Amino acid sequence: MSRFLVLVASLLLVAHSAIAQGQLAIGDPAPKLEISSWVRGDPIPEFVAGHVYVVEFWATWCPPCKKSIPHLTELQTTYKDQATIVGVSAKDANGETLDRVRKHVASAGDTLAYTVAFDDGSKTNQAYMVAARQRGIPTAFVIDKHGKIAWIGHPLMGLDGVIERVVNDEFNPDDAQKGEALAAEIRELIRTQRHDEAMAKLDGLVAIDPKRYGPYAAYKFGYLLTTRGDRPAAYAYARQAMNGPANINANALSSIAWTILTDKETASRQLDLAMELSKRAVELSKNQDASILDTLARAHFESGDAANAIQTQKLAISVAKPAERKEMEATLSRYERKQ
């Protein structure tokens, strides 16, 4: 599956776990954590003023939950003195038990380095997930310094940017509510194939919160390029995105660059633009994102610069997670054969 199709799938997937106006919404006081067993870390009897919390609902049987664990660990390490991340699981129809959670945490070792709790009576699940009408896991609730819900969403879809801004007192809950309402409307337009209507609203969404909604800019570019086949419009939009709000979203810029680099219409590819987008994405990610470095390496290679492609690909491999390395090493071999 291409990165563009993965992006489309991820945007539509969020529609099943987006904020809904239930009994619990952004701006509401965060319910107390009623936990039967604290598996890892210290109990949290109350939310301390001035401290940020992330309450994430997960299960040992849930593949996307397992995928988010290393990312949550990285966030806990980054904000160890400013935020506390709590993974909450509960007894359920899929066989989740306290014993399974304990074994999973023990086997995970240092890859799971944040607080873990087991909600045997599902009181916390009811107070958060059910009250907020959240139907899928993993789902994370960010609680601000005043003990109020600041954000609800998938932990791999913008959580890092939200924590950064909440910690630094730069997060606006009103914008979050506005953004989620518009994002839900756009996702429904995409789901029902009303793409032109969705495209007309996307720029406004990205402008509300580029760090969270930047990937929608990449979606718009991919739609214009691959679905409508309007290359002049697509490339004009890519430059607009690069010079507009999406300029601060590394993943969005890298996704646009990758779509250019893998375009089958090679004669019309704007490799200079792909290079510019890739370099900006690497700068934003500080050479620490393997996928983004992989895109820059591809930009060098497609531009005929095998030496820089090899050097950049080696850097990508050096920071890649184990699951990413095999494919990236195969790409490196291909670059080396062409040198």
# chains A, B, ... in the order shown; residues from 1 in each chain; ligands from 1

call {"tool": "residues_around", "arguments": {"residues": "stretch 253-258 of chain A", "least_positions_apart": "2", "cutoff": "7 Å", "atoms": "only C-alpha atoms", "output": "list in words"}}
result
Ala218, Phe221, Met242, Asn249, Ala250, Asn251, Ile260, Leu261, Thr262, Ala274, Leu277, Ser278, Ala281, Ile292 and Thr295 of chain A

call {"tool": "residues_around", "arguments": {"residues": "A:Gly121", "least_positions_apart": "2", "cutoff": "10 Å", "atoms": "only C-alpha atoms", "output": "PDB file with N, CA and C atoms, in the first residue's frame"}}
result
ATOM      1  N   GLU A  34     -10.627   5.818  38.796  1.00  0.00           N
ATOM      2  CA  GLU A  34     -11.026   4.779  39.759  1.00  0.00           C
ATOM      3  C   GLU A  34     -10.422   3.464  39.295  1.00  0.00           C
ATOM      4  N   ILE A  35      -9.313   3.102  39.884  1.00  0.00           N
ATOM      5  CA  ILE A  35      -8.497   1.981  39.417  1.00  0.00           C
ATOM      6  C   ILE A  35      -8.439   0.881  40.471  1.00  0.00           C
ATOM      7  N   SER A  36      -8.588  -0.358  40.029  1.00  0.00           N
ATOM      8  CA  SER A  36      -8.520  -1.484  40.962  1.00  0.00           C
ATOM      9  C   SER A  36      -7.086  -1.946  41.212  1.00  0.00           C
ATOM     10  N   ALA A  90      -8.814  -2.797  30.808  1.00  0.00           N
ATOM     11  CA  ALA A  90      -9.909  -3.286  31.646  1.00  0.00           C
ATOM     12  C   ALA A  90     -10.316  -4.687  31.220  1.00  0.00           C
ATOM     13  N   LYS A  91     -10.944  -5.383  32.116  1.00  0.00           N
ATOM     14  CA  LYS A  91     -11.504  -6.692  31.796  1.00  0.00           C
ATOM     15  C   LYS A  91     -12.551  -6.516  30.708  1.00  0.00           C
ATOM     16  N   ASP A  92     -12.481  -7.367  29.650  1.00  0.00           N
ATOM     17  CA  ASP A  92     -13.419  -7.193  28.547  1.00  0.00           C
ATOM     18  C   ASP A  92     -13.771  -8.528  27.904  1.00  0.00           C
ATOM     19  N   PHE A 118      -5.029  -1.106  35.775  1.00  0.00           N
ATOM     20  CA  PHE A 118      -6.065  -2.047  35.342  1.00  0.00           C
ATOM     21  C   PHE A 118      -7.386  -1.660  35.996  1.00  0.00           C
ATOM     22  N   ASP A 119      -8.381  -1.458  35.164  1.00  0.00           N
ATOM     23  CA  ASP A 119      -9.693  -0.965  35.587  1.00  0.00           C
ATOM     24  C   ASP A 119     -10.666  -2.146  35.625  1.00  0.00           C
ATOM     25  N   LYS A 123     -14.984   1.261  35.767  1.00  0.00           N
ATOM     26  CA  LYS A 123     -15.533   2.557  36.173  1.00  0.00           C
ATOM     27  C   LYS A 123     -14.852   3.708  35.429  1.00  0.00           C
ATOM     28  N   THR A 124     -13.533   3.602  35.267  1.00  0.00           N
ATOM     29  CA  THR A 124     -12.811   4.656  34.555  1.00  0.00           C
ATOM     30  C   THR A 124     -13.143   4.627  33.069  1.00  0.00           C
ATOM     31  N   ASN A 125     -13.282   3.431  32.522  1.00  0.00           N
ATOM     32  CA  ASN A 125     -13.682   3.291  31.118  1.00  0.00           C
ATOM     33  C   ASN A 125     -15.049   3.936  30.877  1.00  0.00           C
ATOM     34  N   GLN A 126     -15.960   3.715  31.794  1.00  0.00           N
ATOM     35  CA  GLN A 126     -17.294   4.320  31.668  1.00  0.00           C
ATOM     36  C   GLN A 126     -17.219   5.842  31.763  1.00  0.00           C
TER      37      GLN A 126
END

call {"tool": "residues_around", "arguments": {"residues": "A:Thr60", "least_positions_apart": "3", "cutoff": "8 Å", "atoms": "only C-alpha atoms", "output": "list in words"}}
result
Pro63, Cys65, Lys66, Glu96, Arg100, Val101 and His104 of chain A

call {"tool": "atom_distance", "arguments": {"atom1": "atom CA of A:Lys32", "atom2": "atom CA of A:Ser122"}}
result
12.7 Å

call {"tool": "atom_distance", "arguments": {"atom1": "atom CA of A:Phe171", "atom2": "atom CA of A:Gln82"}}
result
14.9 Å
